[in-house]
file model30.cif (mmCIF, C-alpha atoms)
data_upload
#
loop_
_atom_site.group_PDB
_atom_site.id
_atom_site.type_symbol
_atom_site.label_atom_id
_atom_site.label_comp_id
_atom_site.auth_asym_id
_atom_site.auth_seq_id
_atom_site.Cartn_x
_atom_site.Cartn_y
_atom_site.Cartn_z
ATOM 1 C CA MET A 1 8.077 19.579 117.145
ATOM 2 C CA LYS A 2 7.290 18.310 113.687
ATOM 3 C CA LYS A 3 4.219 19.939 112.124
ATOM 4 C CA THR A 4 1.469 17.534 111.036
ATOM 5 C CA PRO A 5 0.851 17.677 107.285
ATOM 6 C CA PHE A 6 -2.810 18.560 107.681
ATOM 7 C CA SER A 7 -4.429 20.177 110.672
ATOM 8 C CA LYS A 8 -7.902 21.008 109.378
ATOM 9 C CA ILE A 9 -9.632 18.572 107.054
ATOM 10 C CA LEU A 10 -12.929 19.231 105.283
ATOM 11 C CA VAL A 11 -14.946 16.478 103.637
ATOM 12 C CA TYR A 12 -17.611 17.455 101.122
ATOM 13 C CA LEU A 13 -20.862 15.497 101.317
ATOM 14 C CA ASP A 14 -23.216 15.481 98.336
ATOM 15 C CA GLY A 15 -25.508 12.589 99.164
ATOM 16 C CA SER A 16 -23.618 10.120 96.992
ATOM 17 C CA GLU A 17 -22.101 6.838 98.091
ATOM 18 C CA GLY A 18 -18.734 8.156 96.922
ATOM 19 C CA SER A 19 -18.897 11.057 99.357
ATOM 20 C CA MET A 20 -19.660 8.656 102.212
ATOM 21 C CA THR A 21 -16.546 6.670 101.303
ATOM 22 C CA ALA A 22 -14.606 9.947 101.340
ATOM 23 C CA LEU A 23 -16.034 10.690 104.774
ATOM 24 C CA MET A 24 -14.772 7.369 106.115
ATOM 25 C CA TYR A 25 -11.259 8.047 104.818
ATOM 26 C CA ALA A 26 -11.371 11.537 106.285
ATOM 27 C CA ILE A 27 -12.395 10.215 109.698
ATOM 28 C CA LEU A 28 -9.537 7.709 109.778
ATOM 29 C CA LEU A 29 -7.067 10.279 108.438
ATOM 30 C CA ALA A 30 -8.134 12.915 110.981
ATOM 31 C CA SER A 31 -7.750 10.349 113.718
ATOM 32 C CA SER A 32 -4.259 9.311 112.633
ATOM 33 C CA VAL A 33 -2.826 12.820 112.119
ATOM 34 C CA LYS A 34 -4.842 14.374 114.980
ATOM 35 C CA ALA A 35 -6.448 16.880 112.671
ATOM 36 C CA GLU A 36 -9.650 18.833 113.188
ATOM 37 C CA LEU A 37 -12.411 17.310 111.014
ATOM 38 C CA HIS A 38 -15.176 19.241 109.256
ATOM 39 C CA ALA A 39 -18.002 17.872 107.068
ATOM 40 C CA SER A 40 -20.270 20.043 104.923
ATOM 41 C CA TYR A 41 -23.309 19.391 102.790
ATOM 42 C CA VAL A 42 -24.412 22.140 100.422
ATOM 43 C CA VAL A 43 -28.072 22.316 99.447
ATOM 44 C CA ASN A 44 -27.768 23.336 95.816
ATOM 45 C CA THR A 45 -30.235 26.243 95.807
ATOM 46 C CA LYS A 46 -28.447 27.764 92.816
ATOM 47 C CA ALA A 47 -29.413 24.801 90.613
ATOM 48 C CA LEU A 48 -32.976 24.956 91.955
ATOM 49 C CA SER A 49 -33.274 28.636 91.062
ATOM 50 C CA GLU A 50 -31.793 28.039 87.615
ATOM 51 C CA LEU A 51 -34.291 25.259 86.985
ATOM 52 C CA VAL A 52 -37.184 27.572 87.886
ATOM 53 C CA LYS A 53 -35.736 30.292 85.665
ATOM 54 C CA ALA A 54 -35.407 27.821 82.771
ATOM 55 C CA ARG A 55 -39.026 26.705 83.432
ATOM 56 C CA VAL A 56 -37.975 23.125 84.109
ATOM 57 C CA PHE A 57 -39.335 23.486 87.657
ATOM 58 C CA VAL A 58 -42.483 25.205 88.832
ATOM 59 C CA ASN A 59 -42.283 27.036 92.162
ATOM 60 C CA GLN A 60 -44.237 24.347 93.994
ATOM 61 C CA GLU A 61 -41.739 21.773 92.769
ATOM 62 C CA LYS A 62 -38.798 23.933 93.823
ATOM 63 C CA LEU A 63 -40.139 24.062 97.384
ATOM 64 C CA GLU A 64 -40.740 20.319 97.399
ATOM 65 C CA TYR A 65 -37.188 19.594 96.209
ATOM 66 C CA MET A 66 -35.772 22.099 98.668
ATOM 67 C CA GLU A 67 -37.429 20.143 101.488
ATOM 68 C CA ASP A 68 -36.143 16.850 100.032
ATOM 69 C CA LEU A 69 -32.606 18.242 99.835
ATOM 70 C CA LYS A 70 -32.710 19.578 103.395
ATOM 71 C CA LYS A 71 -33.894 16.204 104.669
ATOM 72 C CA ASP A 72 -31.151 14.484 102.674
ATOM 73 C CA ALA A 73 -28.590 16.907 104.125
ATOM 74 C CA LYS A 74 -29.715 16.285 107.711
ATOM 75 C CA ARG A 75 -29.679 12.533 107.161
ATOM 76 C CA HIS A 76 -26.115 12.607 105.825
ATOM 77 C CA ILE A 77 -24.897 14.953 108.529
ATOM 78 C CA ARG A 78 -26.413 12.759 111.272
ATOM 79 C CA HIS A 79 -24.782 9.730 109.688
ATOM 80 C CA SER A 80 -21.394 11.456 109.491
ATOM 81 C CA GLU A 81 -21.642 12.373 113.184
ATOM 82 C CA ARG A 82 -22.396 8.749 114.056
ATOM 83 C CA LEU A 83 -19.473 7.448 111.983
ATOM 84 C CA ALA A 84 -17.050 9.964 113.492
ATOM 85 C CA ALA A 85 -18.234 9.178 117.021
ATOM 86 C CA SER A 86 -17.650 5.474 116.389
ATOM 87 C CA LYS A 87 -13.944 6.258 115.925
ATOM 88 C CA ASN A 88 -13.858 8.818 118.763
ATOM 89 C CA VAL A 89 -13.252 11.660 116.323
ATOM 90 C CA ASP A 90 -14.806 15.093 116.899
ATOM 91 C CA ILE A 91 -16.480 16.456 113.802
ATOM 92 C CA HIS A 92 -17.736 19.955 112.964
ATOM 93 C CA THR A 93 -20.740 19.598 110.693
ATOM 94 C CA SER A 94 -22.566 22.212 108.658
ATOM 95 C CA ILE A 95 -25.349 22.512 106.116
ATOM 96 C CA MET A 96 -25.049 25.430 103.708
ATOM 97 C CA GLU A 97 -27.160 26.668 100.828
ATOM 98 C CA GLY A 98 -26.038 28.042 97.482
ATOM 99 C CA SER A 99 -23.677 26.988 94.733
ATOM 100 C CA PRO A 100 -21.739 23.989 96.169
ATOM 101 C CA HIS A 101 -18.271 24.781 94.810
ATOM 102 C CA LYS A 102 -18.522 28.439 95.858
ATOM 103 C CA GLU A 103 -19.856 27.654 99.339
ATOM 104 C CA ILE A 104 -17.146 25.056 99.942
ATOM 105 C CA LEU A 105 -14.452 27.462 98.757
ATOM 106 C CA SER A 106 -15.761 30.159 101.067
ATOM 107 C CA TYR A 107 -15.967 27.720 104.013
ATOM 108 C CA MET A 108 -12.382 26.600 103.440
ATOM 109 C CA LYS A 109 -11.084 30.157 103.487
ATOM 110 C CA GLN A 110 -13.135 31.092 106.532
ATOM 111 C CA HIS A 111 -12.018 28.078 108.590
ATOM 112 C CA GLY A 112 -8.420 27.771 107.373
ATOM 113 C CA ILE A 113 -8.989 24.296 105.924
ATOM 114 C CA ASP A 114 -5.743 22.783 104.630
ATOM 115 C CA LEU A 115 -7.060 19.550 103.047
ATOM 116 C CA LEU A 116 -10.268 18.955 101.107
ATOM 117 C CA VAL A 117 -11.432 15.340 100.837
ATOM 118 C CA MET A 118 -14.036 14.379 98.251
ATOM 119 C CA GLY A 119 -15.546 11.370 96.524
ATOM 120 C CA SER A 120 -14.296 10.377 93.115
ATOM 121 C CA VAL A 121 -14.488 12.971 90.364
ATOM 122 C CA ASN A 122 -15.812 12.083 86.944
ATOM 123 C CA ALA A 123 -13.703 10.807 84.105
ATOM 124 C CA ILE A 124 -13.208 13.480 81.457
ATOM 125 C CA ARG A 125 -15.742 12.324 78.899
ATOM 126 C CA SER A 126 -16.586 15.652 77.317
ATOM 127 C CA ARG A 127 -14.765 18.870 76.595
ATOM 128 C CA ARG A 128 -17.913 20.851 77.284
ATOM 129 C CA GLU A 129 -17.486 23.129 80.264
ATOM 130 C CA GLU A 130 -21.259 23.110 80.822
ATOM 131 C CA LEU A 131 -21.019 19.455 81.802
ATOM 132 C CA ALA A 132 -18.394 19.897 84.514
ATOM 133 C CA SER A 133 -19.797 18.767 87.868
ATOM 134 C CA GLU A 134 -19.629 20.580 91.204
ATOM 135 C CA THR A 135 -16.858 18.252 92.391
ATOM 136 C CA ASP A 136 -14.876 18.974 89.194
ATOM 137 C CA ARG A 137 -15.148 22.688 89.953
ATOM 138 C CA MET A 138 -14.147 22.219 93.592
ATOM 139 C CA LEU A 139 -11.100 20.253 92.541
ATOM 140 C CA ARG A 140 -10.038 23.034 90.194
ATOM 141 C CA THR A 141 -10.633 25.959 92.548
ATOM 142 C CA ALA A 142 -9.621 24.618 95.965
ATOM 143 C CA PRO A 143 -6.873 26.772 97.534
ATOM 144 C CA CYS A 144 -5.271 23.763 99.256
ATOM 145 C CA PRO A 145 -4.400 20.119 98.541
ATOM 146 C CA VAL A 146 -7.343 17.924 97.557
ATOM 147 C CA MET A 147 -7.629 14.227 98.275
ATOM 148 C CA VAL A 148 -9.877 12.368 95.830
ATOM 149 C CA ILE A 149 -11.151 9.048 97.144
ATOM 150 C CA ARG A 150 -11.906 6.319 94.658
ATOM 151 C CA ASP A 151 -14.747 3.924 95.394
ATOM 152 C CA ASP A 152 -13.336 1.457 97.846
ATOM 153 C CA TYR A 153 -15.580 -1.016 99.574
ATOM 154 C CA ASP A 154 -12.857 -2.260 101.918
ATOM 155 C CA ILE A 155 -13.102 0.828 104.048
ATOM 156 C CA TRP A 156 -16.823 0.263 104.562
ATOM 157 C CA ALA A 157 -15.904 -2.858 106.513
ATOM 158 C CA GLU A 158 -14.070 -0.618 109.013
ATOM 159 C CA PHE A 159 -17.392 1.057 109.801
ATOM 160 C CA GLU A 160 -19.598 -1.976 109.339
ATOM 161 C CA GLU A 161 -21.283 -1.769 112.731
ATOM 162 C CA GLU A 162 -22.340 1.834 112.134
ATOM 163 C CA ILE A 163 -23.794 1.467 108.619
ATOM 164 C CA MET B 1 -24.191 10.006 88.736
ATOM 165 C CA THR B 2 -23.781 12.798 86.195
ATOM 166 C CA LEU B 3 -25.699 13.560 83.007
ATOM 167 C CA LEU B 4 -22.966 11.916 80.924
ATOM 168 C CA GLU B 5 -23.127 8.772 83.040
ATOM 169 C CA ALA B 6 -26.912 8.688 82.643
ATOM 170 C CA ILE B 7 -26.900 9.018 78.853
ATOM 171 C CA ASP B 8 -27.401 5.679 77.143
ATOM 172 C CA LYS B 9 -27.326 5.183 73.373
ATOM 173 C CA ASN B 10 -30.222 2.725 73.670
ATOM 174 C CA LEU B 11 -32.348 5.423 75.276
ATOM 175 C CA ILE B 12 -32.135 7.874 72.369
ATOM 176 C CA LYS B 13 -34.693 7.967 69.551
ATOM 177 C CA VAL B 14 -34.320 9.905 66.316
ATOM 178 C CA PRO B 15 -36.772 10.727 64.885
ATOM 179 C CA LEU B 16 -39.753 10.569 67.193
ATOM 180 C CA THR B 17 -42.910 9.709 65.310
ATOM 181 C CA SER B 18 -45.534 11.092 67.722
ATOM 182 C CA SER B 19 -47.265 14.404 67.261
ATOM 183 C CA SER B 20 -49.008 15.044 70.589
ATOM 184 C CA PRO B 21 -47.416 15.635 74.026
ATOM 185 C CA LYS B 22 -48.906 12.497 75.580
ATOM 186 C CA ASP B 23 -47.847 10.369 72.630
ATOM 187 C CA VAL B 24 -44.310 11.766 72.803
ATOM 188 C CA ILE B 25 -44.117 10.877 76.498
ATOM 189 C CA GLU B 26 -45.459 7.386 75.764
ATOM 190 C CA GLU B 27 -42.929 6.916 72.973
ATOM 191 C CA LEU B 28 -40.054 7.902 75.240
ATOM 192 C CA VAL B 29 -41.316 5.850 78.181
ATOM 193 C CA SER B 30 -41.713 2.834 75.868
ATOM 194 C CA LEU B 31 -38.049 3.095 74.969
ATOM 195 C CA TYR B 32 -37.166 3.010 78.671
ATOM 196 C CA ALA B 33 -39.690 0.262 79.462
ATOM 197 C CA ASP B 34 -38.281 -1.979 76.717
ATOM 198 C CA LYS B 35 -34.731 -1.486 77.951
ATOM 199 C CA ALA B 36 -35.646 -1.953 81.614
ATOM 200 C CA GLY B 37 -38.073 -4.822 80.918
ATOM 201 C CA LEU B 38 -41.001 -3.125 82.651
ATOM 202 C CA LEU B 39 -44.521 -4.510 82.679
ATOM 203 C CA ALA B 40 -47.267 -2.561 80.896
ATOM 204 C CA GLY B 41 -48.782 -1.439 84.222
ATOM 205 C CA LYS B 42 -45.535 0.167 85.371
ATOM 206 C CA LYS B 43 -45.115 1.881 81.998
ATOM 207 C CA ASP B 44 -48.608 3.375 82.278
ATOM 208 C CA GLU B 45 -47.838 4.520 85.821
ATOM 209 C CA ILE B 46 -44.703 6.348 84.630
ATOM 210 C CA VAL B 47 -46.622 8.051 81.804
ATOM 211 C CA SER B 48 -49.283 9.167 84.309
ATOM 212 C CA ARG B 49 -46.668 10.544 86.726
ATOM 213 C CA VAL B 50 -44.931 12.507 83.982
ATOM 214 C CA MET B 51 -48.221 13.871 82.606
ATOM 215 C CA ALA B 52 -49.336 14.813 86.127
ATOM 216 C CA ARG B 53 -46.137 16.820 86.513
ATOM 217 C CA GLU B 54 -46.710 18.489 83.122
ATOM 218 C CA SER B 55 -50.194 19.507 84.251
ATOM 219 C CA LEU B 56 -48.620 21.669 86.992
ATOM 220 C CA GLY B 57 -46.785 23.663 84.337
ATOM 221 C CA SER B 58 -45.248 22.721 81.030
ATOM 222 C CA THR B 59 -41.525 21.900 81.006
ATOM 223 C CA ALA B 60 -41.217 23.331 77.484
ATOM 224 C CA MET B 61 -38.360 25.834 77.393
ATOM 225 C CA GLU B 62 -37.094 28.248 74.800
ATOM 226 C CA LYS B 63 -35.325 26.955 71.670
ATOM 227 C CA GLY B 64 -37.797 24.077 71.180
ATOM 228 C CA ILE B 65 -36.632 22.001 74.135
ATOM 229 C CA ALA B 66 -38.780 20.233 76.716
ATOM 230 C CA ILE B 67 -37.547 18.450 79.831
ATOM 231 C CA PRO B 68 -40.431 16.384 81.199
ATOM 232 C CA HIS B 69 -39.485 14.632 84.416
ATOM 233 C CA ALA B 70 -40.795 12.794 87.443
ATOM 234 C CA LYS B 71 -39.663 10.917 90.516
ATOM 235 C CA ILE B 72 -40.651 7.299 90.089
ATOM 236 C CA ASP B 73 -40.968 4.736 92.829
ATOM 237 C CA GLY B 74 -38.900 1.654 92.009
ATOM 238 C CA VAL B 75 -36.435 3.355 89.646
ATOM 239 C CA SER B 76 -33.004 2.502 91.020
ATOM 240 C CA LYS B 77 -30.935 5.056 89.090
ATOM 241 C CA THR B 78 -31.709 8.190 87.136
ATOM 242 C CA ALA B 79 -32.556 7.544 83.479
ATOM 243 C CA VAL B 80 -32.342 10.159 80.723
ATOM 244 C CA ILE B 81 -34.316 9.326 77.586
ATOM 245 C CA ILE B 82 -33.718 11.619 74.621
ATOM 246 C CA GLY B 83 -35.932 12.070 71.575
ATOM 247 C CA ILE B 84 -35.681 14.405 68.593
ATOM 248 C CA SER B 85 -38.755 15.135 66.509
ATOM 249 C CA ARG B 86 -38.583 16.316 62.919
ATOM 250 C CA LEU B 87 -41.658 18.499 63.435
ATOM 251 C CA PRO B 88 -42.391 20.710 66.444
ATOM 252 C CA VAL B 89 -44.831 19.272 68.981
ATOM 253 C CA GLN B 90 -47.012 21.789 70.799
ATOM 254 C CA PHE B 91 -45.928 20.962 74.320
ATOM 255 C CA GLY B 92 -47.815 22.908 76.979
ATOM 256 C CA ASP B 93 -48.940 26.486 76.438
ATOM 257 C CA SER B 94 -48.791 28.406 73.188
ATOM 258 C CA GLU B 95 -45.996 30.714 74.376
ATOM 259 C CA HIS B 96 -43.444 28.659 72.458
ATOM 260 C CA LYS B 97 -43.484 27.616 68.838
ATOM 261 C CA GLY B 98 -43.382 23.965 69.804
ATOM 262 C CA SER B 99 -40.702 21.536 70.979
ATOM 263 C CA ARG B 100 -38.488 19.278 68.893
ATOM 264 C CA ILE B 101 -35.931 18.141 71.457
ATOM 265 C CA PHE B 102 -37.116 16.101 74.443
ATOM 266 C CA PHE B 103 -35.192 14.989 77.510
ATOM 267 C CA LEU B 104 -37.318 12.730 79.690
ATOM 268 C CA VAL B 105 -35.731 12.357 83.126
ATOM 269 C CA LEU B 106 -36.934 9.584 85.441
ATOM 270 C CA ALA B 107 -35.383 9.683 88.883
ATOM 271 C CA PRO B 108 -35.475 7.578 92.036
ATOM 272 C CA GLU B 109 -37.459 8.982 94.965
ATOM 273 C CA ASP B 110 -34.492 9.042 97.317
ATOM 274 C CA ASN B 111 -31.719 10.959 95.553
ATOM 275 C CA PRO B 112 -32.870 14.564 95.072
ATOM 276 C CA SER B 113 -29.347 15.928 94.784
ATOM 277 C CA GLU B 114 -28.468 13.774 91.773
ATOM 278 C CA HIS B 115 -31.802 14.419 90.059
ATOM 279 C CA ILE B 116 -31.330 18.187 90.369
ATOM 280 C CA GLN B 117 -27.739 18.056 89.138
ATOM 281 C CA ILE B 118 -28.779 16.113 86.036
ATOM 282 C CA LEU B 119 -31.674 18.452 85.241
ATOM 283 C CA ALA B 120 -29.419 21.470 85.789
ATOM 284 C CA SER B 121 -26.781 20.010 83.451
ATOM 285 C CA ILE B 122 -29.388 19.523 80.706
ATOM 286 C CA ALA B 123 -30.688 23.071 81.145
ATOM 287 C CA LYS B 124 -27.119 24.414 81.107
ATOM 288 C CA ILE B 125 -25.944 22.600 77.997
ATOM 289 C CA CYS B 126 -29.155 23.539 76.179
ATOM 290 C CA SER B 127 -28.428 27.201 76.829
ATOM 291 C CA SER B 128 -25.866 26.893 74.023
ATOM 292 C CA ASP B 129 -27.505 27.854 70.701
ATOM 293 C CA LEU B 130 -24.861 25.951 68.791
ATOM 294 C CA PHE B 131 -25.389 22.751 70.759
ATOM 295 C CA VAL B 132 -29.155 22.971 70.263
ATOM 296 C CA ARG B 133 -28.739 23.481 66.512
ATOM 297 C CA MET B 134 -26.483 20.431 66.353
ATOM 298 C CA LEU B 135 -29.012 18.375 68.322
ATOM 299 C CA GLU B 136 -31.800 19.472 65.979
ATOM 300 C CA SER B 137 -29.834 18.409 62.955
ATOM 301 C CA ALA B 138 -28.836 15.003 64.367
ATOM 302 C CA LYS B 139 -29.984 12.235 62.056
ATOM 303 C CA THR B 140 -29.434 9.211 64.272
ATOM 304 C CA ALA B 141 -29.164 8.197 67.929
ATOM 305 C CA ASP B 142 -25.418 7.808 67.356
ATOM 306 C CA ASP B 143 -25.178 11.443 66.208
ATOM 307 C CA VAL B 144 -26.927 12.614 69.380
ATOM 308 C CA TYR B 145 -24.797 10.424 71.629
ATOM 309 C CA GLN B 146 -21.609 11.666 69.984
ATOM 310 C CA LEU B 147 -22.545 15.294 70.548
ATOM 311 C CA PHE B 148 -22.383 14.809 74.304
ATOM 312 C CA PHE B 149 -19.070 12.994 74.225
ATOM 313 C CA ASP B 150 -17.305 15.290 71.795
#
call {"tool": "encode", "arguments": {"input": "model30.cif", "output": "structure tokens"}}
result
Amino acid sequence: MKKTPFSKILVYLDGSEGSMTALMYAILLASSVKAELHASYVVNTKALSELVKARVFVNQEKLEYMEDLKKDAKRHIRHSERLAASKNVDIHTSIMEGSPHKEILSYMKQHGIDLLVMGSVNAIRSRREELASETDRMLRTAPCPVMVIRDDYDIWAEFEEEI
Amino acid sequence: MTLLEAIDKNLIKVPLTSSSPKDVIEELVSLYADKAGLLAGKKDEIVSRVMARESLGSTAMEKGIAIPHAKIDGVSKTAVIIGISRLPVQFGDSEHKGSRIFFLVLAPEDNPSEHIQILASIAKICSSDLFVRMLESAKTADDVYQLFFD
């Protein structure tokens, strides 16, 4: 029997519209190749801690943002479950905390993920490493193929009833 | 949206002319208000929100940098307004010698992830002594803009 190209797909959710588009592609792809679908949102506690350390945030603010991020994560995870259900696709969802690119890398290794799907990465507009985003870092460090989804509004029509 | 996508040449002012924290915030907010076409009432509301946040604890960091910020109702996308002062402005407590480089970040209420990423990127790039020195010596908004897109 011919092996399917991808058997375990992970889509990274970061609260952006681009990551929701990536989720839609991942759902349709998982459905067509009969792959197991995972979706993860990482609450970026590393950035929060760095902002407190740099004195940009006070502790009270850190806690407030942490709550905001957790709510945002739950909202996106619930939405991804609804979208997957609308296409009869099972989805394994998770919310993690830490440095997004490190948590995603660790999740991929732990679950044997063989395709990472993400929203569009940024154009290279600066040579400064400090300005690389989390998705840039994921793209560079992923141990498996990565599918980068460009903004595409056509696919939203496929899920119109669920949005 | 990333920091680089949020940076706008029209939202950079060199040099700032104000000498007190509140005046610096007003000068930076005015730049944004002019660009966004805000009414005076909304501008005052933004200044109040930013000052209220500063009252919880100054956002002045080491190396003469301050990153005042606030979540603002009605802002549709994160705005980064940059100002460089020729003279240090005593921003917050007396622990620091004063701030010359200001990044005012105004964010929508509903996108915490993006707001945090942008603030973290500013803090990260300002950890470079060389970058900060280059920012300090920038003579025009163009110079500042170019530093980010080098």
call {"tool": "closest_residue", "arguments": {"input": "model30.cif", "among": "A:Val121, A:Leu37, A:Met138, A:Val43", "to": "A:Ala85", "atoms": "all atoms listed in the file"}}
result
A:Leu37
call {"tool": "interface_residues", "arguments": {"input": "model30.cif", "of": "chain B", "to": "chain A", "cutoff": "7 Å", "atoms": "only C-alpha atoms", "output": "NGL selection string"}}
result
:B and (57 or 59 or 61 or 67 or 112-113 or 116 or 120-121 or 123-125 or 148-150)
call {"tool": "resolve_selection", "arguments": {"input": "model30.cif", "expression": "the PyMOL selection byres ((chain B and resi 66) around 10)", "output": "MDAnalysis selection string"}}
result
(chainID A and resid 55:56) or (chainID B and resid 58:65 67:69 89 91:92 98:104 123)
call {"tool": "residues_around", "arguments": {"input": "model30.cif", "residues": "A:Met20", "least_positions_apart": "3", "cutoff": "9 Å", "atoms": "all atoms listed in the file", "output": "ChimeraX atom specification"}}
result
/A:13-17,23-25,76,80,118-119
call {"tool": "write_last_selection", "arguments": {"input": "model30.cif", "atoms": "C-alpha atoms", "output": "compact mmCIF listing (two decimals), keeping the file's coordinate frame"}}
result
# COMPACT_ATOMS: atom_id res chain seq x y z
CA LEU A 13 -20.86 15.50 101.32
CA ASP A 14 -23.22 15.48 98.34
CA GLY A 15 -25.51 12.59 99.16
CA SER A 16 -23.62 10.12 96.99
CA GLU A 17 -22.10 6.84 98.09
CA LEU A 23 -16.03 10.69 104.77
CA MET A 24 -14.77 7.37 106.12
CA TYR A 25 -11.26 8.05 104.82
CA HIS A 76 -26.12 12.61 105.82
CA SER A 80 -21.39 11.46 109.49
CA MET A 118 -14.04 14.38 98.25
CA GLY A 119 -15.55 11.37 96.52
call {"tool": "resolve_selection", "arguments": {"input": "model30.cif", "expression": "the PyMOL selection byres ((chain B and resi 118) around 9)", "output": "short mmCIF file (atom, residue, chain, number, x, y, z; two decimals) with C-alpha atoms, in the coordinates of the input"}}
result
data_model
loop_
_atom_site.label_atom_id
_atom_site.label_comp_id
_atom_site.auth_asym_id
_atom_site.auth_seq_id
_atom_site.Cartn_x
_atom_site.Cartn_y
_atom_site.Cartn_z
CA MET B 1 -24.19 10.01 88.74
CA THR B 2 -23.78 12.80 86.20
CA LEU B 3 -25.70 13.56 83.01
CA LEU B 4 -22.97 11.92 80.92
CA ALA B 6 -26.91 8.69 82.64
CA THR B 78 -31.71 8.19 87.14
CA VAL B 80 -32.34 10.16 80.72
CA VAL B 105 -35.73 12.36 83.13
CA SER B 113 -29.35 15.93 94.78
CA GLU B 114 -28.47 13.77 91.77
CA HIS B 115 -31.80 14.42 90.06
CA ILE B 116 -31.33 18.19 90.37
CA GLN B 117 -27.74 18.06 89.14
CA LEU B 119 -31.67 18.45 85.24
CA ALA B 120 -29.42 21.47 85.79
CA SER B 121 -26.78 20.01 83.45
CA ILE B 122 -29.39 19.52 80.71
CA ALA B 123 -30.69 23.07 81.14
#
call {"tool": "resolve_selection", "arguments": {"input": "model30.cif", "expression": "the PyMOL selection byres ((chain A and resi 148) around 10)", "output": "list in words"}}
result
Gly18, Ser19, Ala22, Leu116, Val117, Met118, Gly119, Ser120, Val121, Thr135, Leu139, Pro145, Val146, Met147, Ile149, Arg150 and Asp151 of chain A
call {"tool": "residues_around", "arguments": {"input": "model30.cif", "residues": "A:Lys34", "least_positions_apart": "6", "cutoff": "9 Å", "atoms": "all atoms listed in the file", "output": "ChimeraX atom specification"}}
result
/A:4,6-7,89
call {"tool": "atom_distance", "arguments": {"input": "model30.cif", "atom1": "atom CA of B:Thr140", "atom2": "atom CA of B:Ile12"}}
result
8.6 Å
call {"tool": "closest_residue", "arguments": {"input": "model30.cif", "among": "A:Glu158, A:Lys109, A:Lys62, A:Ala142", "to": "A:Lys87", "atoms": "all atoms listed in the file"}}
result
A:Glu158
call {"tool": "decode", "arguments": {"input": "model30.cif", "residues": "stretch 34-38 of chain A", "atoms": "all heavy atoms", "output": "CSV table (one decimal), in the first residue's frame"}}
result
chain,number,residue,atom,x,y,z
A,34,LYS,N,-6.1,11.9,4.7
A,34,LYS,CA,-6.5,11.1,5.9
A,34,LYS,C,-5.4,11.1,7.0
A,34,LYS,O,-5.0,10.1,7.5
A,34,LYS,CB,-6.7,9.6,5.5
A,34,LYS,CG,-7.7,9.4,4.4
A,34,LYS,CD,-9.1,9.3,4.9
A,34,LYS,CE,-10.2,9.1,3.9
A,34,LYS,NZ,-10.4,10.2,3.0
A,35,ALA,N,-4.9,12.3,7.2
A,35,ALA,CA,-3.9,12.5,8.2
A,35,ALA,C,-4.5,12.9,9.6
A,35,ALA,O,-5.6,13.4,9.6
A,35,ALA,CB,-2.9,13.6,7.8
A,36,GLU,N,-3.7,12.6,10.6
A,36,GLU,CA,-4.1,13.1,12.0
A,36,GLU,C,-3.8,14.6,12.0
A,36,GLU,O,-2.8,15.0,11.7
A,36,GLU,CB,-3.3,12.3,13.0
A,36,GLU,CG,-3.7,12.4,14.4
A,36,GLU,CD,-2.8,11.5,15.2
A,36,GLU,OE1,-2.9,10.2,15.1
A,36,GLU,OE2,-2.1,12.0,16.0
A,37,LEU,N,-4.8,15.3,12.6
A,37,LEU,CA,-4.6,16.8,12.6
A,37,LEU,C,-4.4,17.3,14.1
A,37,LEU,O,-5.2,16.9,14.9
A,37,LEU,CB,-5.8,17.5,11.9
A,37,LEU,CG,-5.7,19.0,11.9
A,37,LEU,CD1,-4.5,19.5,11.1
A,37,LEU,CD2,-7.0,19.6,11.3
A,38,HIS,N,-3.4,18.1,14.2
A,38,HIS,CA,-3.2,18.7,15.5
A,38,HIS,C,-3.2,20.3,15.4
A,38,HIS,O,-2.7,20.8,14.3
A,38,HIS,CB,-1.8,18.3,16.1
A,38,HIS,CG,-1.6,16.9,16.3
A,38,HIS,ND1,-1.4,16.4,17.6
A,38,HIS,CD2,-1.7,15.8,15.5
A,38,HIS,CE1,-1.3,15.0,17.5
A,38,HIS,NE2,-1.5,14.7,16.3
